[in-house]
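Trainee: So that you have it, the file is structure_9.txt, and it contains compact mmCIF, C-alpha atoms and all ligand atoms:
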# COMPACT_ATOMS: atom_id res chain seq x y z
CA MET S 1 92.86 126.78 102.93
CA TYR S 2 89.66 124.79 102.20
CA GLU S 3 87.27 127.63 101.23
CA LYS S 4 86.19 126.25 97.85
CA SER S 5 85.79 122.72 99.23
CA LYS S 6 83.66 124.14 102.04
CA GLN S 7 81.43 125.93 99.56
CA LEU S 8 81.14 122.87 97.35
CA PHE S 9 80.32 120.71 100.36
CA GLN S 10 77.52 123.08 101.35
CA ARG S 11 76.17 122.98 97.83
CA ALA S 12 76.57 119.21 97.44
CA GLN S 13 74.54 118.55 100.57
CA GLN S 14 71.50 120.21 98.98
CA SER S 15 71.21 117.56 96.28
CA ILE S 16 73.41 114.58 97.24
CA PRO S 17 72.83 112.70 100.53
CA GLY S 18 75.63 113.75 102.85
CA GLY S 19 77.19 115.56 99.92
CA VAL S 20 78.90 112.42 98.67
CA ASN S 21 78.26 109.41 96.46
CA SER S 22 80.03 106.97 98.81
CA PRO S 23 79.92 107.42 102.60
CA VAL S 24 83.56 107.30 103.77
CA ARG S 25 84.38 110.24 101.49
CA ALA S 26 82.29 112.53 103.69
CA PHE S 27 84.96 112.75 106.44
CA LYS S 28 82.07 112.19 108.86
CA SER S 29 84.09 110.28 111.44
CA VAL S 30 87.27 112.39 111.17
CA GLY S 31 85.25 115.60 111.05
CA GLY S 32 85.87 118.65 108.90
CA THR S 33 85.17 119.30 105.25
CA PRO S 34 85.78 116.63 102.65
CA LEU S 35 88.14 117.82 99.96
CA PHE S 36 86.62 118.25 96.56
CA ILE S 37 89.18 117.05 94.06
CA ARG S 38 89.76 118.90 90.84
CA LYS S 39 92.40 116.70 89.29
CA ALA S 40 95.17 114.23 90.03
CA LYS S 41 98.45 113.33 88.40
CA GLY S 42 100.95 110.69 89.44
CA ALA S 43 101.16 110.54 93.22
CA TYR S 44 99.35 113.83 93.77
CA LEU S 45 95.81 115.05 94.26
CA PHE S 46 94.84 118.69 93.69
CA ASP S 47 91.75 120.01 95.43
CA ALA S 48 89.32 122.74 94.41
CA ASP S 49 91.36 125.31 96.36
CA GLY S 50 94.49 124.37 94.47
CA ASN S 51 96.12 122.54 97.41
CA LYS S 52 98.39 119.62 96.53
CA TYR S 53 98.44 116.35 98.45
CA ILE S 54 100.55 113.21 98.42
CA ASP S 55 97.89 110.55 97.88
CA TYR S 56 97.79 107.34 99.94
CA ILE S 57 94.27 106.35 98.88
CA ALA S 58 94.88 105.84 95.17
CA SER S 59 91.10 105.95 94.62
CA TRP S 60 90.89 103.23 97.33
CA GLY S 61 93.26 101.01 95.41
CA PRO S 62 92.90 101.18 91.65
CA MET S 63 95.57 103.77 90.83
CA ILE S 64 98.49 101.46 91.56
CA LEU S 65 100.66 103.17 88.94
CA GLY S 66 99.63 106.70 89.91
CA HIS S 67 96.91 108.97 88.58
CA ALA S 68 96.36 109.72 84.91
CA TYR S 69 98.84 107.00 84.00
CA GLU S 70 99.65 107.88 80.43
CA PRO S 71 99.22 104.52 78.66
CA VAL S 72 95.78 104.13 80.27
CA VAL S 73 94.69 107.69 79.43
CA LYS S 74 95.89 107.26 75.84
CA ALA S 75 94.12 103.92 75.43
CA ILE S 76 90.82 105.43 76.62
CA GLN S 77 91.21 108.42 74.30
CA GLU S 78 91.90 106.18 71.32
CA LYS S 79 88.96 103.88 72.07
CA ALA S 80 86.24 106.44 72.87
CA PRO S 81 85.52 107.53 69.27
CA ASP S 82 84.49 103.91 68.48
CA SER S 83 81.47 104.43 70.80
CA THR S 84 81.35 103.97 74.54
CA SER S 85 79.09 100.89 74.67
CA TYR S 86 77.56 98.28 72.36
CA GLY S 87 75.75 95.72 74.49
CA ALA S 88 77.23 93.02 72.26
CA PRO S 89 80.39 90.93 72.62
CA THR S 90 83.79 92.27 71.54
CA GLU S 91 87.19 90.72 70.90
CA LEU S 92 88.58 92.97 73.62
CA GLU S 93 86.57 91.07 76.23
CA ILE S 94 88.21 87.81 75.15
CA GLU S 95 91.61 89.46 75.38
CA MET S 96 90.78 90.75 78.85
CA ALA S 97 89.65 87.31 80.04
CA GLU S 98 92.77 85.70 78.58
CA LEU S 99 94.99 88.28 80.22
CA ILE S 100 93.38 87.70 83.61
CA ARG S 101 93.81 83.94 83.19
CA SER S 102 97.47 84.39 82.30
CA MET S 103 98.04 86.34 85.51
CA ALA S 104 95.94 84.11 87.80
CA PRO S 105 96.36 80.67 86.24
CA ASN S 106 93.74 78.86 88.33
CA ILE S 107 91.01 81.08 86.88
CA ASP S 108 89.50 78.86 84.20
CA MET S 109 86.72 81.27 83.31
CA VAL S 110 85.93 84.83 84.24
CA ARG S 111 82.90 87.10 83.93
CA MET S 112 83.27 90.88 83.89
CA VAL S 113 80.99 93.14 85.93
CA SER S 114 81.05 96.83 86.84
CA SER S 115 82.02 96.91 90.52
CA GLY S 116 83.48 94.88 93.36
CA THR S 117 80.02 94.74 94.91
CA GLU S 118 78.59 93.05 91.85
CA ALA S 119 81.52 90.64 91.70
CA CYS S 120 81.04 89.48 95.30
CA MET S 121 77.26 89.38 95.08
CA SER S 122 77.45 87.26 91.93
CA ALA S 123 80.13 84.93 93.31
CA LEU S 124 78.03 84.25 96.40
CA ARG S 125 74.91 83.56 94.34
CA LEU S 126 76.94 81.24 92.15
CA ALA S 127 78.38 79.36 95.13
CA ARG S 128 74.86 78.92 96.48
CA GLY S 129 73.51 77.83 93.11
CA TYR S 130 76.38 75.40 92.61
CA THR S 131 76.18 73.77 96.04
CA GLY S 132 72.43 74.04 96.56
CA LYS S 133 73.16 75.38 100.07
CA ASN S 134 72.12 78.74 101.54
CA LYS S 135 74.38 79.79 104.41
CA PHE S 136 77.84 81.26 104.11
CA ILE S 137 80.60 82.43 106.42
CA LYS S 138 82.19 85.85 106.31
CA PHE S 139 84.61 87.44 108.74
CA GLU S 140 83.88 90.35 111.07
CA GLY S 141 85.38 93.55 109.72
CA CYS S 142 85.69 92.24 106.16
CA TYR S 143 83.80 94.21 103.55
CA HIS S 144 82.55 92.59 100.38
CA GLY S 145 80.57 95.44 98.91
CA HIS S 146 77.04 96.50 99.80
CA ALA S 147 74.90 93.60 98.58
CA ASP S 148 72.46 92.69 101.37
CA PRO S 149 73.99 89.39 102.58
CA PHE S 150 77.37 91.04 103.22
CA LEU S 151 76.11 93.91 105.36
CA VAL S 152 76.49 91.94 108.55
CA LYS S 153 79.40 92.83 110.85
CA ALA S 154 81.06 94.48 107.89
CA GLY S 155 84.17 96.65 107.79
CA SER S 156 84.96 99.82 105.85
CA GLY S 157 82.29 102.53 106.18
CA LEU S 158 80.10 100.33 108.39
CA ALA S 159 82.95 100.03 110.87
CA THR S 160 83.86 103.70 110.52
CA PHE S 161 80.28 104.81 111.25
CA ASP S 162 79.61 101.98 113.72
CA ILE S 163 76.65 100.64 111.75
CA GLN S 164 75.99 97.21 113.26
CA THR S 165 72.83 96.30 111.41
CA VAL S 166 71.53 97.90 108.27
CA PRO S 167 67.85 98.84 108.02
CA GLY S 168 66.54 97.41 104.76
CA VAL S 169 68.47 94.16 105.05
CA THR S 170 65.83 91.66 106.07
CA GLY S 171 66.28 89.19 108.89
CA GLY S 172 65.64 86.44 106.38
CA VAL S 173 68.70 87.46 104.38
CA ALA S 174 70.93 88.24 107.35
CA ASN S 175 70.17 84.89 109.04
CA ASP S 176 72.05 83.04 106.33
CA THR S 177 75.18 85.14 106.95
CA LEU S 178 77.33 83.48 109.60
CA THR S 179 80.29 85.40 110.99
CA CYS S 180 83.54 84.60 112.75
CA ALA S 181 86.45 86.68 113.98
CA TYR S 182 89.23 87.02 111.39
CA ASN S 183 92.12 84.66 112.13
CA ASP S 184 90.01 82.43 114.42
CA LEU S 185 90.15 79.03 112.74
CA ASP S 186 88.64 77.20 115.71
CA ALA S 187 85.55 79.41 115.54
CA VAL S 188 85.16 78.52 111.87
CA LYS S 189 85.47 74.80 112.64
CA LYS S 190 82.76 75.08 115.30
CA LEU S 191 80.47 77.06 113.02
CA VAL S 192 80.89 74.58 110.19
CA ALA S 193 80.19 71.66 112.55
CA ALA S 194 77.08 73.37 113.91
CA ASN S 195 75.80 74.00 110.37
CA LYS S 196 76.81 70.70 108.78
CA ASN S 197 75.97 70.48 105.05
CA GLU S 198 74.35 73.92 105.09
CA ILE S 199 77.27 76.16 104.19
CA ALA S 200 77.69 77.11 100.55
CA ALA S 201 80.75 79.32 100.83
CA ILE S 202 83.42 80.88 102.96
CA ILE S 203 84.35 84.33 101.66
CA ILE S 204 87.43 86.14 102.90
CA GLU S 205 89.63 89.12 102.20
CA PRO S 206 92.82 87.02 102.11
CA VAL S 207 94.66 90.11 103.34
CA ALA S 208 92.09 92.33 104.99
CA GLY S 209 92.02 96.03 104.13
CA ASN S 210 88.66 97.14 105.45
CA MET S 211 89.51 97.28 109.16
CA GLY S 212 92.86 98.86 108.44
CA CYS S 213 95.33 96.38 107.04
CA ILE S 214 95.22 93.00 108.80
CA LEU S 215 97.29 90.03 107.79
CA PRO S 216 96.14 86.43 107.90
CA ALA S 217 97.89 84.54 110.71
CA GLU S 218 100.12 81.68 109.70
CA GLY S 219 98.04 78.65 108.78
CA PHE S 220 94.71 80.50 108.87
CA VAL S 221 93.92 80.62 105.17
CA GLU S 222 95.42 77.14 104.68
CA GLY S 223 93.12 75.90 107.44
CA LEU S 224 90.11 77.44 105.72
CA ARG S 225 91.15 75.81 102.45
CA ARG S 226 91.22 72.41 104.21
CA ILE S 227 87.80 72.92 105.78
CA CYS S 228 86.32 73.90 102.41
CA ASP S 229 87.80 70.79 100.77
CA GLU S 230 86.54 68.48 103.51
CA GLU S 231 83.06 69.96 103.65
CA SER S 232 82.47 70.73 99.94
CA ILE S 233 82.29 74.44 100.63
CA VAL S 234 83.18 76.92 97.89
CA PHE S 235 86.17 78.98 99.02
CA ILE S 236 85.89 82.55 97.73
CA PHE S 237 88.82 84.96 97.85
CA ASP S 238 87.62 88.54 97.70
CA GLU S 239 90.59 90.03 95.87
CA VAL S 240 88.91 93.34 95.10
CA MET S 241 91.74 95.06 97.02
CA THR S 242 94.53 92.51 96.74
CA GLY S 243 94.03 91.40 93.13
CA PHE S 244 96.86 92.57 90.84
CA ARG S 245 98.12 94.66 93.79
CA LEU S 246 100.03 92.21 95.97
CA ALA S 247 101.38 90.31 92.97
CA PRO S 248 100.33 89.75 89.34
CA GLY S 249 98.31 86.79 90.65
CA GLY S 250 97.14 88.71 93.74
CA ALA S 251 96.83 87.14 97.17
CA GLN S 252 96.49 83.68 95.65
CA GLU S 253 100.04 84.00 94.35
CA GLN S 254 101.32 85.81 97.42
CA LEU S 255 99.92 83.23 99.87
CA LYS S 256 100.34 80.28 97.49
CA ILE S 257 96.75 79.18 98.06
CA ASN S 258 94.14 78.71 95.38
CA ALA S 259 90.55 79.69 95.94
CA ASP S 260 87.62 78.12 94.06
CA LEU S 261 86.18 81.49 93.10
CA VAL S 262 87.92 84.86 93.12
CA THR S 263 86.41 88.33 92.94
CA TYR S 264 88.22 91.35 91.54
CA GLY S 265 87.67 95.09 91.36
CA LYS S 266 89.73 98.27 91.70
CA VAL S 267 93.10 97.69 89.88
CA ILE S 268 91.40 95.47 87.28
CA GLY S 269 89.65 98.53 85.84
CA GLY S 270 92.55 100.96 85.85
CA GLY S 271 90.25 103.51 87.52
CA MET S 272 87.15 102.70 85.47
CA PRO S 273 84.10 100.95 87.01
CA VAL S 274 85.11 97.31 86.59
CA GLY S 275 84.84 94.14 88.62
CA ALA S 276 85.12 90.47 87.76
CA PHE S 277 84.58 87.06 89.25
CA GLY S 278 86.12 83.87 88.05
CA GLY S 279 87.37 80.48 89.02
CA LYS S 280 86.86 76.79 88.44
CA LYS S 281 85.23 75.84 85.18
CA GLU S 282 82.74 73.43 86.72
CA ILE S 283 81.45 76.20 88.97
CA MET S 284 81.56 79.02 86.41
CA GLU S 285 79.62 76.88 83.92
CA LYS S 286 76.56 77.17 86.16
CA ILE S 287 76.16 80.83 85.17
CA ALA S 288 73.60 81.82 82.53
CA PRO S 289 73.51 81.26 79.61
CA LEU S 290 75.33 77.93 80.23
CA GLY S 291 73.53 77.29 83.50
CA ASN S 292 70.61 78.91 85.20
CA VAL S 293 72.36 80.91 87.92
CA TYR S 294 71.37 84.25 86.45
CA GLN S 295 73.79 87.13 86.29
CA ALA S 296 73.96 89.96 83.76
CA GLY S 297 74.86 93.60 83.11
CA THR S 298 74.03 96.22 80.47
CA LEU S 299 77.51 97.75 80.77
CA SER S 300 79.43 94.56 81.65
CA GLY S 301 82.54 94.31 79.47
CA ASN S 302 82.13 97.96 78.46
CA PRO S 303 84.79 98.77 75.85
CA ILE S 304 86.17 101.88 77.55
CA ALA S 305 86.35 100.11 80.89
CA MET S 306 87.94 97.06 79.25
CA ILE S 307 90.63 99.00 77.42
CA ALA S 308 91.54 100.86 80.62
CA GLY S 309 91.73 97.61 82.61
CA TYR S 310 93.49 95.71 79.86
CA THR S 311 96.13 98.41 79.53
CA MET S 312 96.64 98.55 83.29
CA LEU S 313 96.97 94.78 83.69
CA SER S 314 99.29 94.56 80.68
CA GLU S 315 101.59 97.14 82.24
CA LEU S 316 101.66 95.15 85.48
CA LYS S 317 102.20 91.84 83.73
CA ASN S 318 104.95 93.13 81.46
CA ASN S 319 106.81 95.02 84.19
CA PRO S 320 106.89 92.72 87.22
CA SER S 321 109.62 94.90 88.76
CA ILE S 322 106.75 97.28 89.65
CA TYR S 323 105.85 94.93 92.51
CA LYS S 324 109.40 94.93 93.84
CA GLU S 325 109.56 98.72 93.61
CA LEU S 326 106.24 99.11 95.42
CA GLU S 327 107.30 96.65 98.09
CA GLU S 328 110.58 98.54 98.63
CA LYS S 329 108.84 101.89 98.81
CA THR S 330 106.28 100.61 101.29
CA ALA S 331 108.99 98.97 103.41
CA TYR S 332 110.89 102.28 103.39
CA LEU S 333 107.79 104.13 104.57
CA HIS S 334 107.20 101.45 107.20
CA GLN S 335 110.73 101.81 108.58
CA GLY S 336 110.54 105.59 108.57
CA LEU S 337 107.21 105.59 110.40
CA ASP S 338 108.53 103.02 112.88
CA LYS S 339 111.42 105.28 113.77
CA ILE S 340 109.22 108.31 114.36
CA LEU S 341 106.53 106.44 116.25
CA GLN S 342 109.02 104.64 118.47
CA ALA S 343 110.66 107.94 119.38
CA SER S 344 107.23 109.38 120.26
CA ALA S 345 106.58 106.55 122.72
CA THR S 346 102.97 106.29 121.43
CA PRO S 347 101.64 102.73 121.40
CA TYR S 348 101.11 101.76 117.79
CA VAL S 349 100.92 98.83 115.41
CA ILE S 350 101.84 98.95 111.75
CA ASN S 351 100.52 96.08 109.66
CA ARG S 352 101.80 95.74 106.13
CA LEU S 353 101.95 93.39 103.22
CA GLY S 354 103.29 94.52 99.86
CA SER S 355 101.88 97.97 99.14
CA MET S 356 99.05 97.75 101.69
CA ILE S 357 99.87 99.29 105.06
CA SER S 358 98.10 100.95 107.98
CA ILE S 359 98.72 102.35 111.44
CA HIS S 360 96.59 101.51 114.46
CA PHE S 361 97.32 103.44 117.64
CA SER S 362 97.15 100.35 119.78
CA ASP S 363 99.18 98.73 122.54
CA HIS S 364 98.13 95.23 121.44
CA PRO S 365 98.55 93.35 118.16
CA VAL S 366 95.79 94.12 115.66
CA VAL S 367 94.68 90.79 114.25
CA ASP S 368 90.91 91.08 113.85
CA PHE S 369 88.03 93.52 114.06
CA ALA S 370 87.84 93.60 117.87
CA THR S 371 91.51 94.50 118.20
CA ALA S 372 91.22 97.10 115.42
CA ALA S 373 88.14 98.65 117.03
CA SER S 374 89.79 98.88 120.46
CA ALA S 375 92.72 100.92 119.14
CA ASP S 376 92.74 104.67 119.83
CA ASN S 377 90.86 105.66 116.70
CA GLN S 378 90.24 109.19 117.99
CA LEU S 379 93.98 109.67 117.90
CA PHE S 380 94.02 108.35 114.35
CA ASN S 381 91.41 110.95 113.39
CA LYS S 382 93.61 113.73 114.80
CA TYR S 383 96.62 112.26 112.99
CA PHE S 384 94.61 112.25 109.74
CA HIS S 385 93.88 115.98 109.97
CA ALA S 386 97.38 116.90 111.07
CA MET S 387 98.72 115.03 108.02
CA LEU S 388 96.17 116.58 105.68
CA LYS S 389 97.23 120.03 106.82
CA ARG S 390 100.77 119.04 105.86
CA GLY S 391 99.77 117.90 102.39
CA VAL S 392 99.43 114.15 102.98
CA TYR S 393 96.08 112.58 102.12
CA LEU S 394 95.54 109.40 104.16
CA PRO S 395 92.30 107.39 104.22
CA PRO S 396 89.90 109.30 106.51
CA SER S 397 89.38 106.31 108.81
CA ALA S 398 91.50 103.90 110.82
CA PHE S 399 89.35 101.14 109.32
CA GLU S 400 90.89 101.47 105.88
CA SER S 401 94.17 100.33 104.43
CA TRP S 402 96.51 102.81 102.81
CA PHE S 403 97.42 102.02 99.21
CA LEU S 404 100.78 103.03 97.82
CA ASN S 405 101.15 103.82 94.16
CA ASN S 406 104.33 103.47 92.17
CA ALA S 407 104.41 107.13 91.17
CA LEU S 408 105.40 107.97 94.76
CA SER S 409 109.00 109.11 94.95
CA TYR S 410 111.36 108.60 97.88
CA ASP S 411 111.12 112.34 98.40
CA ASP S 412 107.33 111.95 98.82
CA LEU S 413 107.93 109.18 101.33
CA ASP S 414 110.44 111.30 103.25
CA LYS S 415 107.93 114.15 103.32
CA THR S 416 105.30 111.76 104.66
CA ILE S 417 107.64 110.55 107.38
CA SER S 418 108.58 114.07 108.48
CA ALA S 419 104.91 115.12 108.31
CA THR S 420 104.23 112.26 110.73
CA GLU S 421 106.95 113.52 113.07
CA GLU S 422 105.48 117.04 113.07
CA SER S 423 101.91 115.75 113.30
CA LEU S 424 102.64 113.61 116.35
CA LYS S 425 104.29 116.59 118.05
CA GLU S 426 101.12 118.57 117.38
CA ILE S 427 98.55 116.01 118.50
CA LEU S 428 100.14 114.11 121.37
N1 LIG C 1 85.41 93.82 98.37
C1 LIG C 1 86.42 94.48 98.95
C2 LIG C 1 87.51 93.71 99.63
C3 LIG C 1 86.46 95.87 98.91
O1 LIG C 1 87.47 96.51 99.51
C4 LIG C 1 85.43 96.56 98.24
C5 LIG C 1 85.42 98.08 98.14
N2 LIG C 1 86.26 98.77 98.93
C6 LIG C 1 84.40 95.82 97.64
C7 LIG C 1 84.43 94.46 97.73
C8 LIG C 1 83.30 96.51 96.90
O2 LIG C 1 83.79 97.06 95.73
P1 LIG C 1 83.01 98.28 95.02
O3 LIG C 1 83.16 99.45 95.93
O4 LIG C 1 83.73 98.43 93.72
O5 LIG C 1 81.61 97.87 94.86
What's the structure tokens form of this structure?
Ligand code: PMP

Mentor:
Amino acid sequence: MYEKSKQLFQRAQQSIPGGVNSPVRAFKSVGGTPLFIRKAKGAYLFDADGNKYIDYIASWGPMILGHAYEPVVKAIQEKAPDSTSYGAPTELEIEMAELIRSMAPNIDMVRMVSSGTEACMSALRLARGYTGKNKFIKFEGCYHGHADPFLVKAGSGLATFDIQTVPGVTGGVANDTLTCAYNDLDAVKKLVAANKNEIAAIIIEPVAGNMGCILPAEGFVEGLRRICDEESIVFIFDEVMTGFRLAPGGAQEQLKINADLVTYGKVIGGGMPVGAFGGKKEIMEKIAPLGNVYQAGTLSGNPIAMIAGYTMLSELKNNPSIYKELEEKTAYLHQGLDKILQASATPYVINRLGSMISIHFSDHPVVDFATAASADNQLFNKYFHAMLKRGVYLPPSAFESWFLNNALSYDDLDKTISATEESLKEIL
């Protein structure tokens, strides 16, 4: 069934570390051979062996309208003959910035970059430059890309592979990263009090997706907003996953809370390498060339990436019913999975908001990294393979959210639910 993928994996490992260009793709924690993908269309992935899968990764978020979404493909094709990069400003970048501002109205100014990592790294530097303070708070199990300061108690691949500290990140850098458990407002208050006037920023995934999907408890994000206001701390929402996914205005709109700086990635590029950070004018004006907080990029605002992102965001803005449809589909999946899992008598927790959802095989609520890590993640790994065998491609780790795309049909969802029923029979 996976012969060609197996061969490609063997070959890849000769010249690419671990055979992959991003660690979670390697299936290292779930075991087995990573699938080498040949193409994708709509809700489906096709691997090198010609197998077809219902896709719940959506390229880890970007493909919210399904793969090879025609308006995006067409826009890229039409733009490419005009050259793929200039290294000089274009009108399209203004249009992109204006579109982002129209969808997230508290973004006064926005700078485009090429990944979520760059967006978060730049936002943190800016918050430090703006406040003149060094330390910042992040939450255990949240992932903000792989810039050095964020690789402390991080989620995603670091959680999947149980990497607690990262060689190469110096103690000097890591000492300025303070961490708290997600949803523990009292811990944040204590940390802020113990580091009075030293904290530049609090950065959070307003809905976490890098330890599975974890929702903010009632009052948690509001409480953080209050602390930031009282202590002159820059509040950064990392909306790399949630931006343009939970609502046109992302988690800010969904939770009705404004951050001071917001980082974007994934959906914003329509599947091309794009990130962005934006926010309050008085902070954003500190960036070079206006200010001296330096930040730059040879391919930032790249025309092909911009046209893909612009087309994607325009579709989302002009068709807000997409969000309702996605919400209904995800709720349908949630209910279907509930029914099967309840009948199986397996302890489980499903967390969901909008089109982000995940299962933890746990007998306790999953509200932070510790509770996610103490779920039965070995069982999840077995579930992953049982589903894959049945043509359903879930994230290969319990520490990742699933992302629904709007190309999924109710028939796909029904197939996923019955695959879960069969899978549980096989693995329990
Ligand atoms: N922030 C969050 C919340 C993410 O989920 C990710 C990637 N999964 C990043 C930042 C980093 O984005 P990128 O992989 O594009 O560098």

Trainee: Dump the neighbourhood of ligand LIG 1 (chain C) as an MDAnalysis selection string: all residues within 9 Å, distances computed on only C-alpha atoms and all ligand atoms.

Mentor: chainID S and resid 22 60:61 114:120 142:147 155:156 204:210 238:242 263:266 273:275 400

Trainee: So what do you get for CA of Ala305 (chain S) versus CA of Gly270 (chain S), distance-wise?

Mentor: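 So the two atoms, CA of Ala305 (chain S) and CA of Gly270 (chain S), lie 8.0 Å apart.
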
Trainee: My list of candidates is S:Asp108, S:Glu3, S:Glu325, S:Asp49. Which is closest to Met284 (chain S) when distances are computed with all atoms listed in the file?

Mentor: S:Asp108

Trainee: Neighbours of Tyr53 (chain S) within 6 Å (only C-alpha atoms; same-chain residues fewer than 6 positions away dropped), as a PyMOL selection string?

Mentor: chain S and resi 44-45+391-393

Trainee: So the first atom is CA of Lys382 (chain S) and the second is CA of Ile427 (chain S); what is the distance between them in Å, to one decimal place?

Mentor: 6.6 Å

Trainee: With all atoms listed in the file counted, which protein, DNA or RNA residues have an atom no more than 10 Å from (97.6, 119.5, 105.0) in the file frame? Please answer as a PDB file with C-alpha atoms, keeping the file's coordinate frame.

Mentor:
ATOM      1  CA  MET S   1      92.860 126.780 102.930  1.00  0.00           C
ATOM      2  CA  TYR S   2      89.660 124.790 102.200  1.00  0.00           C
ATOM      3  CA  ASN S  51      96.120 122.540  97.410  1.00  0.00           C
ATOM      4  CA  LYS S  52      98.390 119.620  96.530  1.00  0.00           C
ATOM      5  CA  TYR S  53      98.440 116.350  98.450  1.00  0.00           C
ATOM      6  CA  ILE S  54     100.550 113.210  98.420  1.00  0.00           C
ATOM      7  CA  PHE S 384      94.610 112.250 109.740  1.00  0.00           C
ATOM      8  CA  HIS S 385      93.880 115.980 109.970  1.00  0.00           C
ATOM      9  CA  ALA S 386      97.380 116.900 111.070  1.00  0.00           C
ATOM     10  CA  MET S 387      98.720 115.030 108.020  1.00  0.00           C
ATOM     11  CA  LEU S 388      96.170 116.580 105.680  1.00  0.00           C
ATOM     12  CA  LYS S 389      97.230 120.030 106.820  1.00  0.00           C
ATOM     13  CA  ARG S 390     100.770 119.040 105.860  1.00  0.00           C
ATOM     14  CA  GLY S 391      99.770 117.900 102.390  1.00  0.00           C
ATOM     15  CA  VAL S 392      99.430 114.150 102.980  1.00  0.00           C
ATOM     16  CA  TYR S 393      96.080 112.580 102.120  1.00  0.00           C
ATOM     17  CA  ALA S 419     104.910 115.120 108.310  1.00  0.00           C
TER      18      ALA S 419
END

Trainee: Would you mind completing region 142-159 of chain S so that it carries N, CA and C atoms, and writing it out as a PDB file, keeping the file's coordinate frame?

Mentor:
ATOM      1  N   CYS S 142      85.439  92.315 107.607  1.00  0.00           N
ATOM      2  CA  CYS S 142      85.690  92.240 106.160  1.00  0.00           C
ATOM      3  C   CYS S 142      84.513  92.884 105.446  1.00  0.00           C
ATOM      4  N   TYR S 143      84.826  93.550 104.351  1.00  0.00           N
ATOM      5  CA  TYR S 143      83.800  94.210 103.550  1.00  0.00           C
ATOM      6  C   TYR S 143      83.815  93.585 102.162  1.00  0.00           C
ATOM      7  N   HIS S 144      82.636  93.208 101.708  1.00  0.00           N
ATOM      8  CA  HIS S 144      82.550  92.590 100.380  1.00  0.00           C
ATOM      9  C   HIS S 144      81.560  93.336  99.492  1.00  0.00           C
ATOM     10  N   GLY S 145      81.516  94.651  99.670  1.00  0.00           N
ATOM     11  CA  GLY S 145      80.570  95.440  98.910  1.00  0.00           C
ATOM     12  C   GLY S 145      79.247  95.522  99.659  1.00  0.00           C
ATOM     13  N   HIS S 146      78.264  96.189  99.044  1.00  0.00           N
ATOM     14  CA  HIS S 146      77.040  96.500  99.800  1.00  0.00           C
ATOM     15  C   HIS S 146      75.837  95.671  99.391  1.00  0.00           C
ATOM     16  N   ALA S 147      76.041  94.499  98.795  1.00  0.00           N
ATOM     17  CA  ALA S 147      74.900  93.600  98.580  1.00  0.00           C
ATOM     18  C   ALA S 147      74.398  93.129  99.953  1.00  0.00           C
ATOM     19  N   ASP S 148      73.091  92.942 100.071  1.00  0.00           N
ATOM     20  CA  ASP S 148      72.460  92.690 101.370  1.00  0.00           C
ATOM     21  C   ASP S 148      73.166  91.626 102.235  1.00  0.00           C
ATOM     22  N   PRO S 149      73.467  90.444 101.682  1.00  0.00           N
ATOM     23  CA  PRO S 149      73.990  89.390 102.580  1.00  0.00           C
ATOM     24  C   PRO S 149      75.321  89.749 103.244  1.00  0.00           C
ATOM     25  N   PHE S 150      76.043  90.711 102.677  1.00  0.00           N
ATOM     26  CA  PHE S 150      77.370  91.040 103.220  1.00  0.00           C
ATOM     27  C   PHE S 150      77.334  92.147 104.266  1.00  0.00           C
ATOM     28  N   LEU S 151      76.165  92.758 104.452  1.00  0.00           N
ATOM     29  CA  LEU S 151      76.110  93.910 105.360  1.00  0.00           C
ATOM     30  C   LEU S 151      75.866  93.479 106.806  1.00  0.00           C
ATOM     31  N   VAL S 152      76.570  92.473 107.193  1.00  0.00           N
ATOM     32  CA  VAL S 152      76.490  91.940 108.550  1.00  0.00           C
ATOM     33  C   VAL S 152      77.910  91.972 109.120  1.00  0.00           C
ATOM     34  N   LYS S 153      78.073  92.671 110.228  1.00  0.00           N
ATOM     35  CA  LYS S 153      79.400  92.830 110.850  1.00  0.00           C
ATOM     36  C   LYS S 153      80.473  93.159 109.810  1.00  0.00           C
ATOM     37  N   ALA S 154      80.163  94.149 108.995  1.00  0.00           N
ATOM     38  CA  ALA S 154      81.060  94.480 107.890  1.00  0.00           C
ATOM     39  C   ALA S 154      82.036  95.580 108.281  1.00  0.00           C
ATOM     40  N   GLY S 155      83.140  95.631 107.539  1.00  0.00           N
ATOM     41  CA  GLY S 155      84.170  96.650 107.790  1.00  0.00           C
ATOM     42  C   GLY S 155      83.925  97.885 106.941  1.00  0.00           C
ATOM     43  N   SER S 156      84.993  98.589 106.651  1.00  0.00           N
ATOM     44  CA  SER S 156      84.960  99.820 105.850  1.00  0.00           C
ATOM     45  C   SER S 156      84.022 100.848 106.478  1.00  0.00           C
ATOM     46  N   GLY S 157      83.149 101.461 105.681  1.00  0.00           N
ATOM     47  CA  GLY S 157      82.290 102.530 106.180  1.00  0.00           C
ATOM     48  C   GLY S 157      81.381 102.076 107.322  1.00  0.00           C
ATOM     49  N   LEU S 158      80.985 100.802 107.311  1.00  0.00           N
ATOM     50  CA  LEU S 158      80.100 100.330 108.390  1.00  0.00           C
ATOM     51  C   LEU S 158      80.846 100.309 109.719  1.00  0.00           C
ATOM     52  N   ALA S 159      82.135  99.988 109.660  1.00  0.00           N
ATOM     53  CA  ALA S 159      82.950 100.030 110.870  1.00  0.00           C
ATOM     54  C   ALA S 159      83.227 101.480 111.262  1.00  0.00           C
TER      55      ALA S 159
END
